[in-house]
>>> print(open('run.pdb').read())   # PDB, C-alpha atoms
ATOM      1  CA  MET E   1     -19.197 -21.462  22.270
ATOM      2  CA  ASN E   2     -17.955 -17.951  21.526
ATOM      3  CA  ALA E   3     -14.738 -17.242  19.674
ATOM      4  CA  VAL E   4     -12.287 -14.632  20.925
ATOM      5  CA  ALA E   5     -13.589 -11.043  20.771
ATOM      6  CA  SER E   6     -11.331  -9.242  23.289
ATOM      7  CA  PRO E   7      -8.688 -11.874  23.966
ATOM      8  CA  VAL E   8      -7.459 -12.590  27.471
ATOM      9  CA  LEU E   9      -3.873 -11.470  27.940
ATOM     10  CA  PRO E  10      -2.024 -14.015  30.099
ATOM     11  CA  PRO E  11       0.237 -12.594  32.819
ATOM     12  CA  VAL E  12       3.703 -12.129  31.353
ATOM     13  CA  GLU E  13       5.311 -13.946  34.303
ATOM     14  CA  ARG E  14       3.114 -17.012  33.673
ATOM     15  CA  LEU E  15       3.541 -17.303  29.901
ATOM     16  CA  ASP E  16       6.162 -20.038  30.118
ATOM     17  CA  ASP E  17       4.732 -21.659  33.261
ATOM     18  CA  PRO E  18       3.162 -25.032  32.319
ATOM     19  CA  SER E  19       0.983 -25.017  35.443
ATOM     20  CA  TYR E  20      -0.808 -21.886  34.197
ATOM     21  CA  TRP E  21      -1.776 -23.549  30.919
ATOM     22  CA  HIS E  22      -2.742 -26.980  32.234
ATOM     23  CA  GLU E  23      -6.226 -25.741  33.122
ATOM     24  CA  TRP E  24      -7.104 -25.477  29.417
ATOM     25  CA  LEU E  25      -4.659 -27.915  27.859
ATOM     26  CA  ARG E  26      -5.451 -30.963  29.967
ATOM     27  CA  GLY E  27      -4.031 -34.204  28.642
ATOM     28  CA  LEU E  28      -1.557 -32.405  26.386
ATOM     29  CA  GLY E  29       2.198 -32.139  26.884
ATOM     30  CA  ILE E  30       3.477 -28.636  27.605
ATOM     31  CA  GLY E  31       7.128 -27.897  27.149
ATOM     32  CA  ALA E  32       8.974 -30.906  28.526
ATOM     33  CA  THR E  33      12.155 -31.819  26.664
ATOM     34  CA  HIS E  34      11.258 -34.430  24.065
ATOM     35  CA  VAL E  35      13.094 -35.893  21.116
ATOM     36  CA  TYR E  36      11.165 -35.993  17.862
ATOM     37  CA  PRO E  37      10.289 -39.557  16.856
ATOM     38  CA  ALA E  38      12.259 -40.927  13.944
ATOM     39  CA  ASP E  39      10.629 -40.817  10.534
ATOM     40  CA  PRO E  40       9.105 -44.166   9.560
ATOM     41  CA  ALA E  41      11.494 -46.495   7.783
ATOM     42  CA  GLY E  42      10.642 -47.885   4.378
ATOM     43  CA  PRO E  43       9.505 -46.478   1.039
ATOM     44  CA  PRO E  44       8.263 -42.881   0.627
ATOM     45  CA  PRO E  45       4.610 -42.217   1.517
ATOM     46  CA  ALA E  46       2.277 -43.441  -1.216
ATOM     47  CA  ASP E  47       0.563 -40.046  -1.390
ATOM     48  CA  ALA E  48       3.766 -38.183  -2.345
ATOM     49  CA  PRO E  49       3.521 -38.481  -6.171
ATOM     50  CA  GLY E  50      -0.110 -37.341  -6.136
ATOM     51  CA  LEU E  51       0.709 -34.407  -3.860
ATOM     52  CA  ARG E  52       3.460 -33.163  -6.142
ATOM     53  CA  ALA E  53       1.552 -33.748  -9.371
ATOM     54  CA  GLU E  54      -1.643 -32.031  -8.214
ATOM     55  CA  VAL E  55       0.137 -29.035  -6.682
ATOM     56  CA  LEU E  56       2.168 -28.572  -9.862
ATOM     57  CA  ARG E  57      -0.930 -28.807 -12.047
ATOM     58  CA  HIS E  58      -3.714 -27.312  -9.924
ATOM     59  CA  GLY E  59      -1.907 -25.600  -7.068
ATOM     60  CA  TYR E  60      -3.492 -27.722  -4.336
ATOM     61  CA  HIS E  61      -3.957 -31.272  -3.099
ATOM     62  CA  ILE E  62      -6.357 -32.879  -0.606
ATOM     63  CA  GLY E  63      -4.364 -35.317   1.480
ATOM     64  CA  ALA E  64      -5.260 -38.542   3.229
ATOM     65  CA  GLY E  65      -7.117 -38.282   6.526
ATOM     66  CA  GLY E  66      -6.330 -39.864   9.866
ATOM     67  CA  LEU E  67      -3.527 -37.567  11.022
ATOM     68  CA  PRO E  68      -2.473 -38.033  14.669
ATOM     69  CA  TYR E  69      -3.041 -35.675  17.619
ATOM     70  CA  VAL E  70      -5.991 -33.953  15.939
ATOM     71  CA  SER E  71      -8.776 -34.682  18.428
ATOM     72  CA  ALA E  72      -6.585 -33.777  21.415
ATOM     73  CA  LEU E  73      -5.573 -30.491  19.814
ATOM     74  CA  ALA E  74      -9.206 -29.727  18.964
ATOM     75  CA  ARG E  75     -10.167 -30.156  22.624
ATOM     76  CA  GLY E  76      -7.357 -27.830  23.646
ATOM     77  CA  VAL E  77      -8.351 -25.159  21.122
ATOM     78  CA  ALA E  78     -11.983 -25.350  22.235
ATOM     79  CA  ALA E  79     -11.033 -25.004  25.924
ATOM     80  CA  LEU E  80      -8.733 -22.052  25.246
ATOM     81  CA  THR E  81     -11.386 -20.293  23.214
ATOM     82  CA  ARG E  82     -14.111 -20.823  25.814
ATOM     83  CA  ALA E  83     -11.815 -19.115  28.320
ATOM     84  CA  GLY E  84     -11.214 -16.152  26.005
ATOM     85  CA  HIS E  85      -7.674 -17.097  25.054
ATOM     86  CA  HIS E  86      -6.358 -16.930  21.518
ATOM     87  CA  PRO E  87      -6.428 -20.415  19.921
ATOM     88  CA  ASN E  88      -2.777 -20.074  18.906
ATOM     89  CA  TRP E  89      -1.785 -20.862  22.493
ATOM     90  CA  VAL E  90      -2.308 -24.526  21.600
ATOM     91  CA  LEU E  91       1.132 -24.174  19.962
ATOM     92  CA  LEU E  92       2.563 -24.454  23.475
ATOM     93  CA  THR E  93       1.734 -28.162  23.382
ATOM     94  CA  ASP E  94       4.031 -30.955  22.294
ATOM     95  CA  GLU E  95       1.269 -32.338  20.104
ATOM     96  CA  ALA E  96       1.188 -29.225  17.903
ATOM     97  CA  TRP E  97       4.865 -29.664  17.025
ATOM     98  CA  LEU E  98       4.572 -33.417  16.688
ATOM     99  CA  LEU E  99       1.704 -32.957  14.227
ATOM    100  CA  THR E 100       3.805 -30.524  12.201
ATOM    101  CA  ARG E 101       6.769 -32.875  12.119
ATOM    102  CA  ALA E 102       4.535 -35.857  11.245
ATOM    103  CA  LEU E 103       4.126 -34.354   7.750
ATOM    104  CA  ARG E 104       7.885 -34.174   7.129
ATOM    105  CA  PRO E 105       8.273 -37.569   5.399
ATOM    106  CA  LEU E 106       5.462 -36.771   2.959
ATOM    107  CA  LEU E 107       6.703 -33.258   2.243
ATOM    108  CA  ARG E 108      10.303 -34.408   1.829
ATOM    109  CA  ALA E 109       9.238 -37.080  -0.648
ATOM    110  CA  ALA E 110       6.940 -34.789  -2.636
ATOM    111  CA  PHE E 111       8.885 -31.527  -2.434
ATOM    112  CA  PRO E 112      12.526 -32.095  -1.428
ATOM    113  CA  GLU E 113      13.117 -28.407  -2.251
ATOM    114  CA  LEU E 114      11.109 -27.294   0.806
ATOM    115  CA  ARG E 115      11.666 -27.230   4.581
ATOM    116  CA  LEU E 116       9.140 -26.938   7.416
ATOM    117  CA  LEU E 117       8.594 -23.446   8.857
ATOM    118  CA  SER E 118       7.341 -22.287  12.255
ATOM    119  CA  ASP E 119       4.740 -20.146  10.464
ATOM    120  CA  HIS E 120       1.746 -21.503  12.377
ATOM    121  CA  TYR E 121      -1.776 -20.253  12.876
ATOM    122  CA  VAL E 122      -4.840 -21.804  14.499
ATOM    123  CA  PHE E 123      -8.319 -20.879  13.274
ATOM    124  CA  PHE E 124     -11.679 -20.957  15.048
ATOM    125  CA  VAL E 125     -14.829 -20.284  12.990
ATOM    126  CA  ASP E 126     -17.976 -20.356  15.107
ATOM    127  CA  PRO E 127     -21.340 -20.497  13.305
ATOM    128  CA  GLY E 128     -23.029 -19.619  16.603
ATOM    129  CA  ASP E 129     -21.156 -16.320  17.007
ATOM    130  CA  PRO E 130     -22.164 -13.586  14.498
ATOM    131  CA  ALA E 131     -18.753 -11.917  14.856
ATOM    132  CA  HIS E 132     -16.820 -15.053  13.905
ATOM    133  CA  GLN E 133     -18.944 -16.832  11.324
ATOM    134  CA  ARG E 134     -16.427 -16.712   8.502
ATOM    135  CA  GLY E 135     -12.757 -17.283   7.871
ATOM    136  CA  TRP E 136     -10.263 -14.864   6.367
ATOM    137  CA  PRO E 137     -11.202 -13.166   3.070
ATOM    138  CA  PRO E 138      -9.660 -14.089  -0.307
ATOM    139  CA  HIS E 139      -5.882 -13.773  -0.315
ATOM    140  CA  ARG E 140      -2.644 -15.374  -1.464
ATOM    141  CA  ASP E 141      -0.301 -16.512   1.305
ATOM    142  CA  ARG E 142       2.849 -15.487  -0.563
ATOM    143  CA  ASP E 143       2.233 -12.788  -3.173
ATOM    144  CA  ASP E 144       5.938 -12.529  -3.983
ATOM    145  CA  MET E 145       6.568 -16.247  -4.256
ATOM    146  CA  GLY E 146       8.486 -17.535  -7.252
ATOM    147  CA  PHE E 147       8.801 -20.988  -8.771
ATOM    148  CA  ILE E 148      11.605 -23.535  -8.931
ATOM    149  CA  GLY E 149      12.928 -25.231 -12.062
ATOM    150  CA  PRO E 150      11.220 -26.151 -15.322
ATOM    151  CA  GLU E 151       8.335 -27.823 -13.463
ATOM    152  CA  ARG E 152       7.678 -24.504 -11.725
ATOM    153  CA  ALA E 153       7.435 -26.010  -8.250
ATOM    154  CA  PRO E 154       6.269 -23.456  -5.666
ATOM    155  CA  GLN E 155       8.799 -21.856  -3.344
ATOM    156  CA  SER E 156       6.246 -22.032  -0.534
ATOM    157  CA  LEU E 157       3.511 -24.489   0.393
ATOM    158  CA  THR E 158       0.795 -24.071   3.021
ATOM    159  CA  VAL E 159      -0.343 -27.110   5.004
ATOM    160  CA  TRP E 160      -3.848 -26.660   6.458
ATOM    161  CA  ILE E 161      -5.283 -29.382   8.711
ATOM    162  CA  ALA E 162      -8.915 -29.734   9.774
ATOM    163  CA  LEU E 163      -9.029 -30.346  13.537
ATOM    164  CA  THR E 164     -12.801 -30.792  13.327
ATOM    165  CA  ASP E 165     -15.014 -31.610  10.352
ATOM    166  CA  ALA E 166     -14.903 -28.686   7.921
ATOM    167  CA  THR E 167     -18.200 -28.441   6.042
ATOM    168  CA  THR E 168     -20.005 -26.004   3.809
ATOM    169  CA  ALA E 169     -22.167 -25.183   6.853
ATOM    170  CA  ASN E 170     -19.304 -24.120   9.117
ATOM    171  CA  GLY E 171     -16.923 -22.316   6.781
ATOM    172  CA  CYS E 172     -14.761 -24.897   5.027
ATOM    173  CA  MET E 173     -11.872 -23.710   2.891
ATOM    174  CA  CYS E 174     -12.539 -22.362  -0.587
ATOM    175  CA  LEU E 175      -9.930 -21.898  -3.280
ATOM    176  CA  LEU E 176      -9.346 -21.073  -6.916
ATOM    177  CA  PRO E 177      -7.368 -23.835  -8.670
ATOM    178  CA  ALA E 178      -4.169 -22.574 -10.230
ATOM    179  CA  SER E 179      -5.267 -24.139 -13.501
ATOM    180  CA  ASP E 180      -8.233 -21.709 -13.522
ATOM    181  CA  ASP E 181      -6.311 -18.652 -12.341
ATOM    182  CA  PRO E 182      -4.743 -16.469 -15.057
ATOM    183  CA  LEU E 183      -2.773 -14.591 -12.381
ATOM    184  CA  TYR E 184      -1.252 -17.627 -10.696
ATOM    185  CA  PHE E 185       2.118 -17.545 -12.473
ATOM    186  CA  THR E 186       2.381 -13.746 -12.327
ATOM    187  CA  ASP E 187       3.484 -11.420  -9.521
ATOM    188  CA  SER E 188       0.034  -9.874  -9.147
ATOM    189  CA  ASP E 189      -1.290  -9.486  -5.608
ATOM    190  CA  SER E 190      -4.872  -9.249  -6.849
ATOM    191  CA  ASP E 191      -7.469 -11.142  -4.841
ATOM    192  CA  ALA E 192     -10.222 -10.508  -7.389
ATOM    193  CA  LEU E 193     -12.186 -13.521  -8.536
ATOM    194  CA  ALA E 194     -12.843 -13.085 -12.251
ATOM    195  CA  ASP E 195     -14.858 -16.308 -12.617
ATOM    196  CA  PRO E 196     -16.679 -17.252  -9.388
ATOM    197  CA  GLN E 197     -17.809 -20.560 -10.887
ATOM    198  CA  SER E 198     -14.185 -21.712 -10.995
ATOM    199  CA  ALA E 199     -13.872 -21.435  -7.210
ATOM    200  CA  LEU E 200     -14.218 -24.614  -5.176
ATOM    201  CA  ALA E 201     -15.498 -25.277  -1.674
ATOM    202  CA  VAL E 202     -13.388 -28.028  -0.103
ATOM    203  CA  PRO E 203     -15.155 -29.755   2.798
ATOM    204  CA  VAL E 204     -13.020 -32.366   4.563
ATOM    205  CA  PRO E 205     -13.371 -34.526   7.687
ATOM    206  CA  ALA E 206     -11.308 -33.945  10.820
ATOM    207  CA  GLY E 207      -7.714 -35.086  10.480
ATOM    208  CA  THR E 208      -7.444 -34.271   6.778
ATOM    209  CA  PRO E 209      -4.731 -31.951   5.404
ATOM    210  CA  ILE E 210      -5.080 -29.676   2.403
ATOM    211  CA  PHE E 211      -1.882 -28.482   0.740
ATOM    212  CA  TRP E 212      -1.747 -25.413  -1.478
ATOM    213  CA  SER E 213       0.906 -23.302  -3.135
ATOM    214  CA  GLY E 214       1.659 -19.875  -1.704
ATOM    215  CA  ARG E 215       0.238 -18.313  -4.866
ATOM    216  CA  VAL E 216      -3.179 -20.034  -4.712
ATOM    217  CA  LEU E 217      -6.079 -17.660  -4.098
ATOM    218  CA  HIS E 218      -8.087 -19.019  -1.168
ATOM    219  CA  TRP E 219     -10.317 -17.999   1.740
ATOM    220  CA  GLY E 220     -12.293 -19.334   4.659
ATOM    221  CA  GLY E 221     -15.967 -19.837   3.922
ATOM    222  CA  ARG E 222     -18.778 -18.429   6.019
ATOM    223  CA  ALA E 223     -21.239 -20.342   8.123
ATOM    224  CA  ALA E 224     -24.566 -21.182   6.509
ATOM    225  CA  PRO E 225     -27.106 -18.452   7.406
ATOM    226  CA  ILE E 226     -30.032 -20.877   7.528
ATOM    227  CA  GLY E 227     -30.607 -24.240   9.141
ATOM    228  CA  PRO E 228     -29.428 -25.430  12.555
ATOM    229  CA  PRO E 229     -26.063 -23.948  13.633
ATOM    230  CA  ALA E 230     -23.160 -26.209  12.733
ATOM    231  CA  PRO E 231     -20.402 -27.000  15.233
ATOM    232  CA  PRO E 232     -17.311 -24.754  15.123
ATOM    233  CA  ARG E 233     -14.662 -25.303  12.488
ATOM    234  CA  LEU E 234     -11.194 -25.583  14.033
ATOM    235  CA  SER E 235      -8.079 -25.823  11.895
ATOM    236  CA  PHE E 236      -4.305 -25.742  12.192
ATOM    237  CA  ALA E 237      -1.944 -24.395   9.532
ATOM    238  CA  PHE E 238       1.764 -24.034   8.898
ATOM    239  CA  ALA E 239       4.050 -23.691   5.897
ATOM    240  CA  ALA E 240       7.067 -25.179   4.172
ATOM    241  CA  ALA E 241       9.382 -23.159   1.969
ATOM    242  CA  ALA E 242      12.596 -23.230  -0.017
ATOM    243  CA  PRO E 243      15.398 -22.125   2.350
ATOM    244  CA  ASP E 244      16.595 -19.436  -0.066
ATOM    245  CA  TYR E 245      13.088 -17.958  -0.113
ATOM    246  CA  GLU E 246      12.019 -18.048   3.539
ATOM    247  CA  THR E 247      13.191 -19.425   6.873
ATOM    248  CA  GLY E 248      11.212 -19.741  10.102
ATOM    249  CA  ASP E 249      11.911 -18.506  13.624
ATOM    250  CA  ILE E 250      12.495 -22.103  14.742
ATOM    251  CA  GLU E 251      14.285 -24.877  12.878
ATOM    252  CA  ILE E 252      11.867 -27.788  12.616
ATOM    253  CA  ASP E 253      13.040 -29.865   9.695
ATOM    254  CA  ALA E 254      16.460 -30.805  11.011
ATOM    255  CA  ALA E 255      15.799 -30.392  14.749
ATOM    256  CA  ILE E 256      16.372 -33.311  17.103
ATOM    257  CA  GLU E 257      14.230 -32.008  19.966
ATOM    258  CA  LEU E 258      10.926 -30.170  20.106
ATOM    259  CA  PRO E 259      11.346 -26.428  20.733
ATOM    260  CA  ALA E 260      11.664 -25.254  24.316
ATOM    261  CA  LEU E 261       8.594 -23.727  25.945
ATOM    262  CA  THR E 262      10.039 -20.204  25.820
ATOM    263  CA  GLN E 263      10.555 -20.614  22.070
ATOM    264  CA  ARG E 264       6.964 -21.756  21.639
ATOM    265  CA  VAL E 265       5.687 -18.710  23.548
ATOM    266  CA  ASP E 266       7.689 -16.422  21.291
ATOM    267  CA  VAL E 267       6.304 -18.160  18.187
ATOM    268  CA  VAL E 268       2.728 -17.645  19.414
ATOM    269  CA  LEU E 269       3.295 -13.950  20.114
ATOM    270  CA  SER E 270       5.208 -13.409  16.868
ATOM    271  CA  GLN E 271       2.530 -15.085  14.764
ATOM    272  CA  ILE E 272      -0.329 -13.176  16.387
ATOM    273  CA  ASP E 273       1.593  -9.954  15.743
ATOM    274  CA  HIS E 274       2.459 -11.028  12.190
ATOM    275  CA  TYR E 275      -1.198 -11.570  11.328
ATOM    276  CA  SER E 276      -2.569  -8.584  13.243
ATOM    277  CA  HIS E 277      -3.370  -6.886   9.923
ATOM    278  CA  ARG E 278      -6.108  -9.479   9.542
ATOM    279  CA  ILE E 279      -7.261  -9.395  13.162
ATOM    280  CA  PRO E 280      -6.684  -5.861  14.490
ATOM    281  CA  GLU E 281      -7.995  -6.547  18.011
ATOM    282  CA  PHE E 282      -4.874  -8.591  18.730
ATOM    283  CA  ALA E 283      -2.496  -5.597  18.583
ATOM    284  CA  ALA E 284      -2.248  -5.703  22.401
ATOM    285  CA  PHE E 285      -0.123  -8.833  22.039
ATOM    286  CA  VAL E 286       2.737  -6.702  20.692
ATOM    287  CA  ALA E 287       3.301  -5.165  24.128
ATOM    288  CA  LEU E 288       3.014  -8.593  25.744
ATOM    289  CA  ARG E 289       5.692  -9.951  23.429
ATOM    290  CA  GLN E 290       8.013  -7.025  24.256
ATOM    291  CA  ALA E 291       7.478  -7.557  27.978
ATOM    292  CA  PHE E 292       8.120 -11.294  27.650
ATOM    293  CA  ARG E 293      11.359 -10.758  25.736
ATOM    294  CA  ALA E 294      12.520  -8.138  28.229
ATOM    295  CA  ARG E 295      11.763 -10.489  31.114
ATOM    296  CA  ARG E 296      13.672 -13.339  29.460
ATOM    297  CA  ALA E 297      16.654 -11.079  28.738
ATOM    298  CA  ALA E 298      16.806 -10.057  32.406
ATOM    299  CA  ILE E 299      16.954 -13.638  33.683
TER     300      ILE E 299
END
>>> encode(input="run.pdb", output="C-alpha cells")
Amino acid sequence: MNAVASPVLPPVERLDDPSYWHEWLRGLGIGATHVYPADPAGPPPADAPGLRAEVLRHGYHIGAGGLPYVSALARGVAALTRAGHHPNWVLLTDEAWLLTRALRPLLRAAFPELRLLSDHYVFFVDPGDPAHQRGWPPHRDRDDMGFIGPERAPQSLTVWIALTDATTANGCMCLLPASDDPLYFTDSDSDALADPQSALAVPVPAGTPIFWSGRVLHWGGRAAPIGPPAPPRLSFAFAAAAPDYETGDIEIDAAIELPALTQRVDVVLSQIDHYSHRIPEFAAFVALRQAFRARRAAI
C-alpha cells in the first residue's frame, strides 16, 4: 500500500458532496446533522490523576487503550490512501469528531484549563514505501507555549491516537521526556538531542492515546530497514489548549452538534495548508481551499 506522493485533488464542486466520499469511507457517517452524545455520568475518569501527574512531571502520558471508532477510521484512512487521497480527508467523517470529543471527560478532569481544538492531522507511515518510511523529524508542537500556575501546567497538549498498532518496526512515536530535557521550560526552539540515550521509543497497540505537552521534543520513528515489512502505522492527532493561548477554527468543547460538512472540509484544507512546511507537495491544496471558499461565498 503506497502512501500519498502526488495527492489526488478532489473536484471543488464535490468536496462537500457525501456521495463523492462514500466510495472510500464506506460504513462511516459523512456530514449528517448529529448531536454529540452526553459525557458519561459519574465520577471523573480513573486515568485523570495519572495523566495530569505524568504530564506535569515528564511531559507525556500513555493512556488506556480501547478507544472507540479506531478500527473504522483506520479502514477509511487506508482506503483514502490507496486511492491517492490525503489521509486527512477522514476528518469528513462523524467518527473522527466523535473520537475527538470522546476524550473530553478525561481532559476536563485532568486539565480543566484546556479546551479541545480543531487542530487535527492524520498520519500514514508505510514501511513498504521508501518515500514514506518515517514520520516527521524532531520538533516541538508549540515552541512559544508557556505554563500555567505554580504547577507549570502546559498551555497546550497534543493528543495522538494509534489507529493501528504502532511498533518499533513501523515508526512508532519517539520523544524526549521533559524531565530529561534542559530546554523544556525555556523558550528555545531547538530540536537538538543532546543525550540520545534519554529519548524513548513508545510503541502502543491500536486504540491507545499518547498525550504530550506542546513543549515536548518528539518525532515519528522510521520503519525498520531489515526484516519483513511491517504493516503501515496510521495515527490521528489533535490538540487541546488554554483559550487565552490558542483557539481552533471550530468550537468542539462546548458544541452541541458535530460540525457541518462544509466546516469539516475547510478544516481539512486549512490543516493541510498549515502543515505544508513539513510536506511541501501539498501546496496545491491552497488553491483548492481558495476555490472552495469562493464557491461557498457565491452560494
>>> resolve_selection(input="run.pdb", expression="the PyMOL selection byres ((chain E and resi 125) around 6)", output="mmCIF file with C-alpha atoms, keeping the file's coordinate frame")
data_model
loop_
_atom_site.group_PDB
_atom_site.id
_atom_site.type_symbol
_atom_site.label_atom_id
_atom_site.label_comp_id
_atom_site.auth_asym_id
_atom_site.auth_seq_id
_atom_site.Cartn_x
_atom_site.Cartn_y
_atom_site.Cartn_z
ATOM 1 C CA PHE E 124 -11.679 -20.957 15.048
ATOM 2 C CA ASP E 126 -17.976 -20.356 15.107
ATOM 3 C CA HIS E 132 -16.820 -15.053 13.905
ATOM 4 C CA GLN E 133 -18.944 -16.832 11.324
ATOM 5 C CA ARG E 134 -16.427 -16.712 8.502
ATOM 6 C CA PRO E 232 -17.311 -24.754 15.123
ATOM 7 C CA ARG E 233 -14.662 -25.303 12.488
#
>>> atom_distance(input="run.pdb", atom1="CA of Gly31 (chain E)", atom2="CA of Ala96 (chain E)")
11.1 Å
>>> resolve_selection(input="run.pdb", expression="the PyMOL selection byres ((chain E and resi 243) around 9)", output="PDB file with C-alpha atoms, in the frame of the given file")
ATOM      1  CA  GLU E 113      13.117 -28.407  -2.251  1.00  0.00           C
ATOM      2  CA  LEU E 114      11.109 -27.294   0.806  1.00  0.00           C
ATOM      3  CA  ARG E 115      11.666 -27.230   4.581  1.00  0.00           C
ATOM      4  CA  GLN E 155       8.799 -21.856  -3.344  1.00  0.00           C
ATOM      5  CA  ALA E 241       9.382 -23.159   1.969  1.00  0.00           C
ATOM      6  CA  ALA E 242      12.596 -23.230  -0.017  1.00  0.00           C
ATOM      7  CA  ASP E 244      16.595 -19.436  -0.066  1.00  0.00           C
ATOM      8  CA  TYR E 245      13.088 -17.958  -0.113  1.00  0.00           C
ATOM      9  CA  GLU E 246      12.019 -18.048   3.539  1.00  0.00           C
ATOM     10  CA  THR E 247      13.191 -19.425   6.873  1.00  0.00           C
TER      11      THR E 247
END
>>> closest_atom_pairs(input="run.pdb", of="region 150-242 of chain E", to="region 67-71 of chain E", cutoff="12 Å", atoms="all atoms listed in the file", output="CSV")
residue,atom,partner,partner_atom,distance
E:Trp160,CA,E:Leu67,CA,11.8
E:Ile161,CA,E:Val70,CA,8.6
E:Ala162,CA,E:Val70,CA,8.0
E:Leu163,CA,E:Val70,CA,5.3
E:Thr164,CA,E:Ser71,CA,7.6
E:Asp165,CA,E:Ser71,CA,10.7
E:Pro205,CA,E:Leu67,CA,10.8
E:Ala206,CA,E:Val70,CA,7.4
E:Gly207,CA,E:Leu67,CA,4.9
E:Thr208,CA,E:Leu67,CA,6.6
E:Pro209,CA,E:Leu67,CA,8.0
E:Ile210,CA,E:Leu67,CA,11.8
E:Leu234,CA,E:Val70,CA,10.0
E:Ser235,CA,E:Val70,CA,9.3
E:Phe236,CA,E:Val70,CA,9.2
>>> closest_residue(input="run.pdb", among="E:Asp187, E:Pro37, E:Ala260, E:Ala169", to="Pro229 (chain E)", atoms="only C-alpha atoms")
E:Ala169
>>> residues_near_point(input="run.pdb", point="(1.5, -14.4, 10.6)", cutoff="12 Å", atoms="only C-alpha atoms", output="compact mmCIF listing (two decimals) with C-alpha atoms, in the coordinates of the input")
# COMPACT_ATOMS: atom_id res chain seq x y z
CA ASN E 88 -2.78 -20.07 18.91
CA LEU E 117 8.59 -23.45 8.86
CA SER E 118 7.34 -22.29 12.26
CA ASP E 119 4.74 -20.15 10.46
CA HIS E 120 1.75 -21.50 12.38
CA TYR E 121 -1.78 -20.25 12.88
CA VAL E 122 -4.84 -21.80 14.50
CA ASP E 141 -0.30 -16.51 1.30
CA ARG E 142 2.85 -15.49 -0.56
CA ALA E 237 -1.94 -24.40 9.53
CA PHE E 238 1.76 -24.03 8.90
CA ALA E 239 4.05 -23.69 5.90
CA GLY E 248 11.21 -19.74 10.10
CA ASP E 249 11.91 -18.51 13.62
CA VAL E 267 6.30 -18.16 18.19
CA VAL E 268 2.73 -17.64 19.41
CA LEU E 269 3.30 -13.95 20.11
CA SER E 270 5.21 -13.41 16.87
CA GLN E 271 2.53 -15.08 14.76
CA ILE E 272 -0.33 -13.18 16.39
CA ASP E 273 1.59 -9.95 15.74
CA HIS E 274 2.46 -11.03 12.19
CA TYR E 275 -1.20 -11.57 11.33
CA SER E 276 -2.57 -8.58 13.24
CA HIS E 277 -3.37 -6.89 9.92
CA ARG E 278 -6.11 -9.48 9.54
CA ILE E 279 -7.26 -9.40 13.16
CA PHE E 282 -4.87 -8.59 18.73
>>> build_atoms(input="run.pdb", residues="region 238-249 of chain E", atoms="N, CA, C and O atoms", output="CSV table (one decimal), keeping the file's coordinate frame")
chain,number,residue,atom,x,y,z
E,238,PHE,N,0.4,-24.4,8.9
E,238,PHE,CA,1.8,-24.0,8.9
E,238,PHE,C,2.3,-24.0,7.5
E,238,PHE,O,1.5,-24.3,6.5
E,239,ALA,N,3.5,-23.8,7.3
E,239,ALA,CA,4.0,-23.7,5.9
E,239,ALA,C,5.4,-24.4,5.8
E,239,ALA,O,6.0,-24.7,6.8
E,240,ALA,N,5.7,-24.7,4.5
E,240,ALA,CA,7.1,-25.2,4.2
E,240,ALA,C,7.6,-24.3,3.0
E,240,ALA,O,6.8,-23.9,2.2
E,241,ALA,N,8.9,-24.1,3.0
E,241,ALA,CA,9.4,-23.2,2.0
E,241,ALA,C,10.8,-23.5,1.6
E,241,ALA,O,11.5,-24.2,2.3
E,242,ALA,N,11.2,-23.1,0.4
E,242,ALA,CA,12.6,-23.2,0.0
E,242,ALA,C,13.5,-22.4,0.9
E,242,ALA,O,13.1,-21.2,1.1
E,243,PRO,N,14.6,-22.9,1.4
E,243,PRO,CA,15.4,-22.1,2.4
E,243,PRO,C,15.9,-20.8,1.8
E,243,PRO,O,16.1,-19.9,2.6
E,244,ASP,N,16.1,-20.7,0.5
E,244,ASP,CA,16.6,-19.4,-0.1
E,244,ASP,C,15.5,-18.5,-0.3
E,244,ASP,O,15.7,-17.3,-0.7
E,245,TYR,N,14.2,-18.9,0.0
E,245,TYR,CA,13.1,-18.0,-0.1
E,245,TYR,C,12.6,-17.5,1.3
E,245,TYR,O,12.4,-16.3,1.5
E,246,GLU,N,12.5,-18.4,2.2
E,246,GLU,CA,12.0,-18.0,3.5
E,246,GLU,C,12.5,-19.1,4.6
E,246,GLU,O,12.5,-20.3,4.3
E,247,THR,N,12.8,-18.6,5.8
E,247,THR,CA,13.2,-19.4,6.9
E,247,THR,C,12.3,-19.1,8.1
E,247,THR,O,11.8,-17.9,8.2
E,248,GLY,N,12.1,-20.0,9.0
E,248,GLY,CA,11.2,-19.7,10.1
E,248,GLY,C,12.0,-19.3,11.3
E,248,GLY,O,13.2,-19.3,11.3
E,249,ASP,N,11.3,-18.9,12.4
E,249,ASP,CA,11.9,-18.5,13.6
E,249,ASP,C,12.6,-19.7,14.3
E,249,ASP,O,13.5,-19.6,15.1
